[in-house]
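Asks: So I've got this file, my_file.pdb, and it contains PDB, C-alpha atoms:
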```pdb
MODEL        1
ATOM      1  CA  MET A  26      99.480  50.725 110.926
ATOM      2  CA  ARG A  27     100.804  50.758 107.396
ATOM      3  CA  SER A  28     103.287  53.227 106.004
ATOM      4  CA  ILE A  29     101.449  55.534 103.638
ATOM      5  CA  THR A  30     104.529  56.609 101.781
ATOM      6  CA  ASP A  31     108.188  57.324 102.182
ATOM      7  CA  LEU A  32     109.149  60.831 101.168
ATOM      8  CA  ALA A  33     112.888  60.562 101.690
ATOM      9  CA  LEU A  34     113.717  64.115 100.573
ATOM     10  CA  LEU A  35     111.032  65.882 102.556
ATOM     11  CA  PRO A  36     113.153  67.107 105.520
ATOM     12  CA  GLN A  37     115.664  68.765 103.234
ATOM     13  CA  ARG A  38     112.831  70.371 101.337
ATOM     14  CA  LEU A  39     111.245  71.572 104.566
ATOM     15  CA  ALA A  40     114.499  73.295 105.470
ATOM     16  CA  SER A  41     115.318  74.655 102.020
ATOM     17  CA  GLY A  42     111.839  75.638 100.892
ATOM     18  CA  GLU A  43     112.283  73.490  97.752
ATOM     19  CA  PRO A  44     108.855  72.408  96.486
ATOM     20  CA  TRP A  45     107.856  68.779  96.627
ATOM     21  CA  SER A  46     107.137  67.058  93.360
ATOM     22  CA  SER A  47     103.533  66.758  92.283
ATOM     23  CA  ALA A  48     103.936  63.008  91.914
ATOM     24  CA  GLU A  49     105.084  62.624  95.553
ATOM     25  CA  LEU A  50     102.168  64.645  96.872
ATOM     26  CA  GLU A  51      99.635  63.015  94.576
ATOM     27  CA  ARG A  52     100.727  59.536  95.703
ATOM     28  CA  LEU A  53     100.470  60.622  99.328
ATOM     29  CA  TRP A  54      97.047  62.243  98.876
ATOM     30  CA  LEU A  55      95.612  59.275  96.978
ATOM     31  CA  SER A  56      96.947  56.789  99.524
ATOM     32  CA  MET A  57      94.973  58.628 102.221
ATOM     33  CA  GLN A  58      91.719  58.258 100.297
ATOM     34  CA  ASP A  59      91.293  54.569 101.155
ATOM     35  CA  ARG A  60      89.183  55.714 104.097
ATOM     36  CA  THR A  61      86.479  58.369 103.990
ATOM     37  CA  TRP A  62      87.307  61.339 106.188
ATOM     38  CA  ARG A  63      86.244  64.943 106.682
ATOM     39  CA  SER A  64      88.919  65.744 109.253
ATOM     40  CA  LEU A  65      92.453  64.370 109.243
ATOM     41  CA  ALA A  66      95.018  64.974 111.986
ATOM     42  CA  LEU A  67      98.730  65.106 111.151
ATOM     43  CA  VAL A  68     100.517  64.036 114.330
ATOM     44  CA  PRO A  69     104.288  64.208 114.827
ATOM     45  CA  ALA A  70     105.656  60.944 116.222
ATOM     46  CA  GLY A  71     107.569  62.943 118.810
ATOM     47  CA  ALA A  72     109.791  65.939 119.358
ATOM     48  CA  GLY A  73     112.738  66.583 117.074
ATOM     49  CA  GLY A  74     111.180  67.982 113.934
ATOM     50  CA  PRO A  75     110.778  71.557 112.778
ATOM     51  CA  PRO A  76     107.933  73.314 114.648
ATOM     52  CA  ASP A  77     106.044  73.922 111.388
ATOM     53  CA  MET A  78     106.547  70.413 109.957
ATOM     54  CA  THR A  79     102.888  69.342 110.122
ATOM     55  CA  VAL A  80     101.708  72.762 108.892
ATOM     56  CA  GLU A  81     103.959  72.497 105.826
ATOM     57  CA  ILE A  82     102.760  68.967 105.101
ATOM     58  CA  ALA A  83      99.118  69.982 105.619
ATOM     59  CA  MET A  84      99.388  72.954 103.248
ATOM     60  CA  ALA A  85     101.026  70.866 100.529
ATOM     61  CA  LEU A  86      98.393  68.142 100.919
ATOM     62  CA  ALA A  87      95.564  70.679 100.876
ATOM     63  CA  ARG A  88      96.773  72.153  97.576
ATOM     64  CA  THR A  89      97.035  68.664  96.100
ATOM     65  CA  GLY A  90      93.647  67.656  97.485
ATOM     66  CA  MET A  91      91.946  70.733  96.011
ATOM     67  CA  ARG A  92      93.192  69.741  92.566
ATOM     68  CA  HIS A  93      91.926  66.182  93.107
ATOM     69  CA  ILE A  94      88.456  66.888  94.492
ATOM     70  CA  GLY A  95      87.882  70.291  92.878
ATOM     71  CA  ALA A  96      86.815  71.836  96.173
ATOM     72  CA  GLN A  97      88.320  73.596  99.163
ATOM     73  CA  VAL A  98      90.555  71.584 101.513
ATOM     74  CA  HIS A  99      91.168  73.557 104.703
ATOM     75  CA  VAL A 100      94.236  73.591 106.950
ATOM     76  CA  ALA A 101      93.833  74.198 110.678
ATOM     77  CA  ASP A 102      97.038  75.013 112.539
ATOM     78  CA  ALA A 103      96.778  73.730 116.113
ATOM     79  CA  THR A 104     100.509  73.496 116.741
ATOM     80  CA  GLU A 105     100.387  76.232 119.380
ATOM     81  CA  LEU A 106      96.782  75.873 120.529
ATOM     82  CA  LYS A 107      96.251  76.283 124.274
ATOM     83  CA  LEU A 108      93.793  74.354 126.437
ATOM     84  CA  ASP A 109      91.539  77.360 127.017
ATOM     85  CA  SER A 110      90.968  77.673 123.246
ATOM     86  CA  VAL A 111      90.225  74.027 122.419
ATOM     87  CA  ALA A 112      86.425  74.248 122.653
ATOM     88  CA  GLU A 113      86.271  77.289 120.365
ATOM     89  CA  PHE A 114      88.754  75.707 117.942
ATOM     90  CA  ALA A 115      86.765  72.448 117.812
ATOM     91  CA  GLY A 116      83.605  74.426 117.086
ATOM     92  CA  GLN A 117      85.326  76.248 114.247
ATOM     93  CA  ILE A 118      86.489  72.918 112.798
ATOM     94  CA  ARG A 119      82.941  71.523 112.917
ATOM     95  CA  GLY A 120      81.698  74.602 111.059
ATOM     96  CA  THR A 121      84.507  74.558 108.516
ATOM     97  CA  ILE A 122      83.985  70.893 107.626
ATOM     98  CA  ARG A 123      80.680  71.870 106.000
ATOM     99  CA  SER A 124      82.601  73.598 103.203
ATOM    100  CA  GLY A 125      85.290  70.953 102.721
ATOM    101  CA  PRO A 126      87.644  68.543 104.455
ATOM    102  CA  VAL A 127      90.016  69.852 107.130
ATOM    103  CA  ILE A 128      93.607  68.801 107.725
ATOM    104  CA  LEU A 129      94.685  69.496 111.314
ATOM    105  CA  ALA A 130      98.354  70.271 111.856
ATOM    106  CA  LEU A 131      99.295  69.231 115.394
ATOM    107  CA  ALA A 132     102.336  69.553 117.644
ATOM    108  CA  PRO A 133     104.041  66.578 119.313
ATOM    109  CA  SER A 134     101.913  65.377 122.228
ATOM    110  CA  THR A 135     104.930  65.784 124.518
ATOM    111  CA  GLU A 136     104.953  69.500 123.720
ATOM    112  CA  ASN A 137     101.226  70.246 123.572
ATOM    113  CA  PRO A 138      98.733  68.379 125.769
ATOM    114  CA  VAL A 139      95.770  69.205 123.491
ATOM    115  CA  THR A 140      97.242  67.132 120.632
ATOM    116  CA  VAL A 141      95.802  63.856 121.927
ATOM    117  CA  SER A 142      92.217  65.085 122.262
ATOM    118  CA  LEU A 143      92.300  66.876 118.904
ATOM    119  CA  ALA A 144      93.702  63.815 117.123
ATOM    120  CA  GLN A 145      91.053  61.625 118.749
ATOM    121  CA  SER A 146      88.298  64.014 117.678
ATOM    122  CA  ALA A 147      89.383  63.882 114.013
ATOM    123  CA  ASP A 148      87.972  61.199 111.725
ATOM    124  CA  CYS A 149      91.452  59.730 111.390
ATOM    125  CA  ALA A 150      95.114  60.541 111.892
ATOM    126  CA  VAL A 151      98.459  60.114 110.174
ATOM    127  CA  LEU A 152     101.662  59.727 112.161
ATOM    128  CA  CYS A 153     104.492  61.921 110.818
ATOM    129  CA  VAL A 154     107.871  60.343 111.542
ATOM    130  CA  LEU A 155     111.107  62.229 110.940
ATOM    131  CA  LEU A 156     113.738  59.485 110.734
ATOM    132  CA  LYS A 157     116.934  59.912 112.780
ATOM    133  CA  ARG A 158     115.397  62.851 114.643
ATOM    134  CA  MET A 159     112.404  61.255 116.391
ATOM    135  CA  ARG A 160     112.555  58.366 118.831
ATOM    136  CA  VAL A 161     110.804  55.049 118.203
ATOM    137  CA  GLY A 162     109.639  55.034 121.839
ATOM    138  CA  ASP A 163     107.965  58.418 121.353
ATOM    139  CA  ALA A 164     106.188  57.151 118.241
ATOM    140  CA  LYS A 165     104.869  54.124 120.126
ATOM    141  CA  ARG A 166     103.728  56.260 123.042
ATOM    142  CA  THR A 167     102.005  58.730 120.703
ATOM    143  CA  THR A 168     100.081  55.991 118.899
ATOM    144  CA  GLU A 169      99.087  54.401 122.197
ATOM    145  CA  GLU A 170      97.946  57.714 123.717
ATOM    146  CA  ILE A 171      95.795  58.584 120.716
ATOM    147  CA  GLY A 172      94.777  54.998 119.968
ATOM    148  CA  ARG A 173      96.036  52.872 117.101
ATOM    149  CA  GLN A 174      92.519  52.642 115.668
ATOM    150  CA  HIS A 175      92.604  56.376 114.818
ATOM    151  CA  PHE A 176      95.644  56.063 112.542
ATOM    152  CA  ILE A 177      95.320  55.245 108.863
ATOM    153  CA  GLY A 178      99.080  55.171 108.397
ATOM    154  CA  ALA A 179     102.359  56.970 108.758
ATOM    155  CA  ILE A 180     104.418  59.313 106.643
ATOM    156  CA  THR A 181     108.115  58.626 107.061
ATOM    157  CA  LEU A 182     110.367  61.566 106.339
ATOM    158  CA  GLY A 183     114.035  61.536 105.930
TER
ENDMDL
END
```
What do you get writing this file as structure tokens?

Replies:
Amino acid sequence: MRSITDLALLPQRLASGEPWSSAELERLWLSMQDRTWRSLALVPAGAGGPPDMTVEIAMALARTGMRHIGAQVHVADATELKLDSVAEFAGQIRGTIRSGPVILALAPSTENPVTVSLAQSADCAVLCVLLKRMRVGDAKRTTEEIGRQHFIGAITLG
């Protein structure tokens, strides 16, 4: 797995609400276009990050992507999705993909058991690593659980 980009200031911006630069987001978005996808899962490497980390990243990427492709890029927040809602959620994703790509914001697999199946059902995934707050062992376990072949890279934060 290659590192897509290193956004060293991202954690501080997540906490402060400071906007990311367009150049940072554009580089990140374009680096993810090496592979064709309609659904992309953002997967935390492990526990330790803010609960809305992947949602924030997904929303910023969706705004950037809409400027790039000139069409809707959807965000699906599955950070608190429960097992009994997975089938309905997956159906909604399949329907939504018809009108544009979908970025799935997921919780750490240690905190939400549906993360693995949702990441595997997406066209591809990106591992979101918050340096100094997430464990290397958790990142390895997450990539093994989901399958290395699903990941197109990693975003390192911090």

Asks: How would you write, as a list in words, the residues chosen by the PyMOL selection byres ((chain A and resi 175) around 7) on this structure?

Replies: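 Written out, the selection comes to Gln145, Cys149, Ala150, Gly172, Arg173, Gln174, Phe176 and Ile177 of chain A.
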
Asks: Go ahead and save the residues from that selection, with C-alpha atoms, as an mmCIF file, in the coordinates of the input.

Replies:
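So part.cif came out as:
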```cif
data_model
loop_
_atom_site.group_PDB
_atom_site.id
_atom_site.type_symbol
_atom_site.label_atom_id
_atom_site.label_comp_id
_atom_site.auth_asym_id
_atom_site.auth_seq_id
_atom_site.Cartn_x
_atom_site.Cartn_y
_atom_site.Cartn_z
ATOM 1 C CA GLN A 145 91.053 61.625 118.749
ATOM 2 C CA CYS A 149 91.452 59.730 111.390
ATOM 3 C CA ALA A 150 95.114 60.541 111.892
ATOM 4 C CA GLY A 172 94.777 54.998 119.968
ATOM 5 C CA ARG A 173 96.036 52.872 117.101
ATOM 6 C CA GLN A 174 92.519 52.642 115.668
ATOM 7 C CA PHE A 176 95.644 56.063 112.542
ATOM 8 C CA ILE A 177 95.320 55.245 108.863
#
```

Asks: Since I can't run it myself right now, could you work out what the PyMOL selection byres ((chain A and resi 83) around 8) selects here and report it as a PyMOL selection string?

Replies: chain A and resi 67+79-82+84-87+100+128-130

Asks: Would you compute, for all listed atoms of segment 129-140 of chain A, the axis-aligned bounding box grown by 3 Å on each side, and then report its centre and edge lengths in Å rounded to one decimal, as JSON?

Replies:
```
{"center_x": 99.8, "center_y": 67.8, "center_z": 118.5, "size_x": 16.3, "size_y": 10.9, "size_z": 20.5}
```

Asks: List the residues matched by the PyMOL selection byres ((chain A and resi 98) around 8) in the displayed structure as an mmCIF file with C-alpha atoms, in the coordinates of the input, ordered by chain and then by residue number.

Replies:
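To be explicit, this is the file written out as out_28.cif:
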```
data_model
loop_
_atom_site.group_PDB
_atom_site.id
_atom_site.type_symbol
_atom_site.label_atom_id
_atom_site.label_comp_id
_atom_site.auth_asym_id
_atom_site.auth_seq_id
_atom_site.Cartn_x
_atom_site.Cartn_y
_atom_site.Cartn_z
ATOM 1 C CA ALA A 87 95.564 70.679 100.876
ATOM 2 C CA ARG A 88 96.773 72.153 97.576
ATOM 3 C CA GLY A 90 93.647 67.656 97.485
ATOM 4 C CA MET A 91 91.946 70.733 96.011
ATOM 5 C CA ALA A 96 86.815 71.836 96.173
ATOM 6 C CA GLN A 97 88.320 73.596 99.163
ATOM 7 C CA HIS A 99 91.168 73.557 104.703
ATOM 8 C CA VAL A 100 94.236 73.591 106.950
ATOM 9 C CA GLY A 125 85.290 70.953 102.721
ATOM 10 C CA PRO A 126 87.644 68.543 104.455
ATOM 11 C CA VAL A 127 90.016 69.852 107.130
ATOM 12 C CA ILE A 128 93.607 68.801 107.725
#
```

Asks: Mind checking which residues fall within 8 Å of Leu108 of chain A, counting all atoms listed in the file, ignoring those fewer than 2 positions away in the same chain, and posting them as JSON, numbers by chain?

Replies: {"A": [106, 110, 111, 138, 139]}

Asks: Could you check the closest approach to Leu55 of chain A for each of A:His93, A:Ala103, A:Val151, A:Leu182 and tell me which residue wins, using all atoms listed in the file?

Replies: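 Nearest to Leu55 of chain A: A:His93.
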
Asks: In terms of the shortest atom-to-atom distance over all atoms listed in the file, which of A:Ala101, A:Ala132, A:Val68, A:Met57 is closest to Ile171 of chain A?

Replies: A:Val68

Asks: By how many Å are atom CA of Thr89 of chain A and atom CA of Arg160 of chain A apart?

Replies: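 Taking atom CA of Thr89 of chain A as the start and atom CA of Arg160 of chain A as the end point, the length is 29.4 Å.
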
Asks: Mind pulling up the distance from atom CA of Asn137 of chain A to atom CA of Asp77 of chain A?

Replies: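 Value for the atom CA of Asp77 of chain A-atom CA of Asn137 of chain A distance: 13.6 Å.
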
Asks: Could you jot down the atom CA of Ala147 of chain A to atom CA of Ile122 of chain A separation for me, Å, one decimal place?

Replies: 10.9 Å

Asks: Would you please work out which residue, of A:Ala179, A:Ala112, A:Leu152, A:Glu170, is nearest to Ala70 of chain A when using only C-alpha atoms?

Replies: A:Leu152

Asks: N, CA and C atoms are needed for segment 68-96 of chain A; please write them out as a PDB file, in the frame of the given file.

Replies:
```pdb
ATOM      1  N   VAL A  68      99.948  64.099 112.993  1.00  0.00           N
ATOM      2  CA  VAL A  68     100.517  64.036 114.330  1.00  0.00           C
ATOM      3  C   VAL A  68     101.999  63.689 114.264  1.00  0.00           C
ATOM      4  N   PRO A  69     102.873  64.573 114.768  1.00  0.00           N
ATOM      5  CA  PRO A  69     104.288  64.208 114.827  1.00  0.00           C
ATOM      6  C   PRO A  69     104.487  63.015 115.763  1.00  0.00           C
ATOM      7  N   ALA A  70     105.388  62.120 115.390  1.00  0.00           N
ATOM      8  CA  ALA A  70     105.656  60.944 116.222  1.00  0.00           C
ATOM      9  C   ALA A  70     106.266  61.335 117.557  1.00  0.00           C
ATOM     10  N   GLY A  71     106.935  62.472 117.592  1.00  0.00           N
ATOM     11  CA  GLY A  71     107.569  62.943 118.810  1.00  0.00           C
ATOM     12  C   GLY A  71     108.276  64.251 118.545  1.00  0.00           C
ATOM     13  N   ALA A  72     109.010  64.713 119.517  1.00  0.00           N
ATOM     14  CA  ALA A  72     109.791  65.939 119.358  1.00  0.00           C
ATOM     15  C   ALA A  72     110.961  65.673 118.433  1.00  0.00           C
ATOM     16  N   GLY A  73     111.554  66.728 117.906  1.00  0.00           N
ATOM     17  CA  GLY A  73     112.738  66.583 117.074  1.00  0.00           C
ATOM     18  C   GLY A  73     112.596  67.149 115.687  1.00  0.00           C
ATOM     19  N   GLY A  74     111.383  67.419 115.260  1.00  0.00           N
ATOM     20  CA  GLY A  74     111.180  67.982 113.934  1.00  0.00           C
ATOM     21  C   GLY A  74     111.029  69.486 113.982  1.00  0.00           C
ATOM     22  N   PRO A  75     111.017  70.123 112.819  1.00  0.00           N
ATOM     23  CA  PRO A  75     110.778  71.557 112.778  1.00  0.00           C
ATOM     24  C   PRO A  75     109.392  71.872 113.345  1.00  0.00           C
ATOM     25  N   PRO A  76     109.220  72.996 114.036  1.00  0.00           N
ATOM     26  CA  PRO A  76     107.933  73.314 114.648  1.00  0.00           C
ATOM     27  C   PRO A  76     106.783  73.417 113.642  1.00  0.00           C
ATOM     28  N   ASP A  77     107.099  73.768 112.396  1.00  0.00           N
ATOM     29  CA  ASP A  77     106.044  73.922 111.388  1.00  0.00           C
ATOM     30  C   ASP A  77     105.936  72.711 110.453  1.00  0.00           C
ATOM     31  N   MET A  78     106.531  71.590 110.820  1.00  0.00           N
ATOM     32  CA  MET A  78     106.547  70.413 109.957  1.00  0.00           C
ATOM     33  C   MET A  78     105.140  69.992 109.534  1.00  0.00           C
ATOM     34  N   THR A  79     104.231  69.820 110.488  1.00  0.00           N
ATOM     35  CA  THR A  79     102.888  69.342 110.122  1.00  0.00           C
ATOM     36  C   THR A  79     102.110  70.416 109.363  1.00  0.00           C
ATOM     37  N   VAL A  80     102.374  71.684 109.637  1.00  0.00           N
ATOM     38  CA  VAL A  80     101.708  72.762 108.892  1.00  0.00           C
ATOM     39  C   VAL A  80     102.138  72.724 107.426  1.00  0.00           C
ATOM     40  N   GLU A  81     103.436  72.566 107.194  1.00  0.00           N
ATOM     41  CA  GLU A  81     103.959  72.497 105.826  1.00  0.00           C
ATOM     42  C   GLU A  81     103.368  71.299 105.076  1.00  0.00           C
ATOM     43  N   ILE A  82     103.331  70.165 105.733  1.00  0.00           N
ATOM     44  CA  ILE A  82     102.760  68.967 105.101  1.00  0.00           C
ATOM     45  C   ILE A  82     101.278  69.184 104.811  1.00  0.00           C
ATOM     46  N   ALA A  83     100.556  69.742 105.787  1.00  0.00           N
ATOM     47  CA  ALA A  83      99.118  69.982 105.619  1.00  0.00           C
ATOM     48  C   ALA A  83      98.841  70.924 104.449  1.00  0.00           C
ATOM     49  N   MET A  84      99.610  71.990 104.343  1.00  0.00           N
ATOM     50  CA  MET A  84      99.388  72.954 103.248  1.00  0.00           C
ATOM     51  C   MET A  84      99.660  72.313 101.889  1.00  0.00           C
ATOM     52  N   ALA A  85     100.722  71.529 101.792  1.00  0.00           N
ATOM     53  CA  ALA A  85     101.026  70.866 100.529  1.00  0.00           C
ATOM     54  C   ALA A  85      99.938  69.852 100.166  1.00  0.00           C
ATOM     55  N   LEU A  86      99.467  69.115 101.161  1.00  0.00           N
ATOM     56  CA  LEU A  86      98.393  68.142 100.919  1.00  0.00           C
ATOM     57  C   LEU A  86      97.086  68.834 100.544  1.00  0.00           C
ATOM     58  N   ALA A  87      96.800  69.952 101.188  1.00  0.00           N
ATOM     59  CA  ALA A  87      95.564  70.679 100.876  1.00  0.00           C
ATOM     60  C   ALA A  87      95.569  71.163  99.430  1.00  0.00           C
ATOM     61  N   ARG A  88      96.687  71.704  98.976  1.00  0.00           N
ATOM     62  CA  ARG A  88      96.773  72.153  97.576  1.00  0.00           C
ATOM     63  C   ARG A  88      96.568  70.974  96.622  1.00  0.00           C
ATOM     64  N   THR A  89      97.183  69.858  96.934  1.00  0.00           N
ATOM     65  CA  THR A  89      97.035  68.664  96.100  1.00  0.00           C
ATOM     66  C   THR A  89      95.597  68.166  96.137  1.00  0.00           C
ATOM     67  N   GLY A  90      95.026  68.119  97.337  1.00  0.00           N
ATOM     68  CA  GLY A  90      93.647  67.656  97.485  1.00  0.00           C
ATOM     69  C   GLY A  90      92.650  68.522  96.739  1.00  0.00           C
ATOM     70  N   MET A  91      92.866  69.836  96.726  1.00  0.00           N
ATOM     71  CA  MET A  91      91.946  70.733  96.011  1.00  0.00           C
ATOM     72  C   MET A  91      91.961  70.441  94.520  1.00  0.00           C
ATOM     73  N   ARG A  92      93.131  70.109  93.985  1.00  0.00           N
ATOM     74  CA  ARG A  92      93.192  69.741  92.566  1.00  0.00           C
ATOM     75  C   ARG A  92      92.456  68.421  92.322  1.00  0.00           C
ATOM     76  N   HIS A  93      92.543  67.499  93.267  1.00  0.00           N
ATOM     77  CA  HIS A  93      91.926  66.182  93.107  1.00  0.00           C
ATOM     78  C   HIS A  93      90.415  66.238  93.225  1.00  0.00           C
ATOM     79  N   ILE A  94      89.904  66.907  94.260  1.00  0.00           N
ATOM     80  CA  ILE A  94      88.456  66.888  94.492  1.00  0.00           C
ATOM     81  C   ILE A  94      87.742  68.109  93.912  1.00  0.00           C
ATOM     82  N   GLY A  95      88.499  69.108  93.480  1.00  0.00           N
ATOM     83  CA  GLY A  95      87.882  70.291  92.878  1.00  0.00           C
ATOM     84  C   GLY A  95      87.112  71.138  93.875  1.00  0.00           C
ATOM     85  N   ALA A  96      87.485  71.063  95.124  1.00  0.00           N
ATOM     86  CA  ALA A  96      86.815  71.836  96.173  1.00  0.00           C
ATOM     87  C   ALA A  96      87.845  72.229  97.223  1.00  0.00           C
TER      88      ALA A  96
END
```
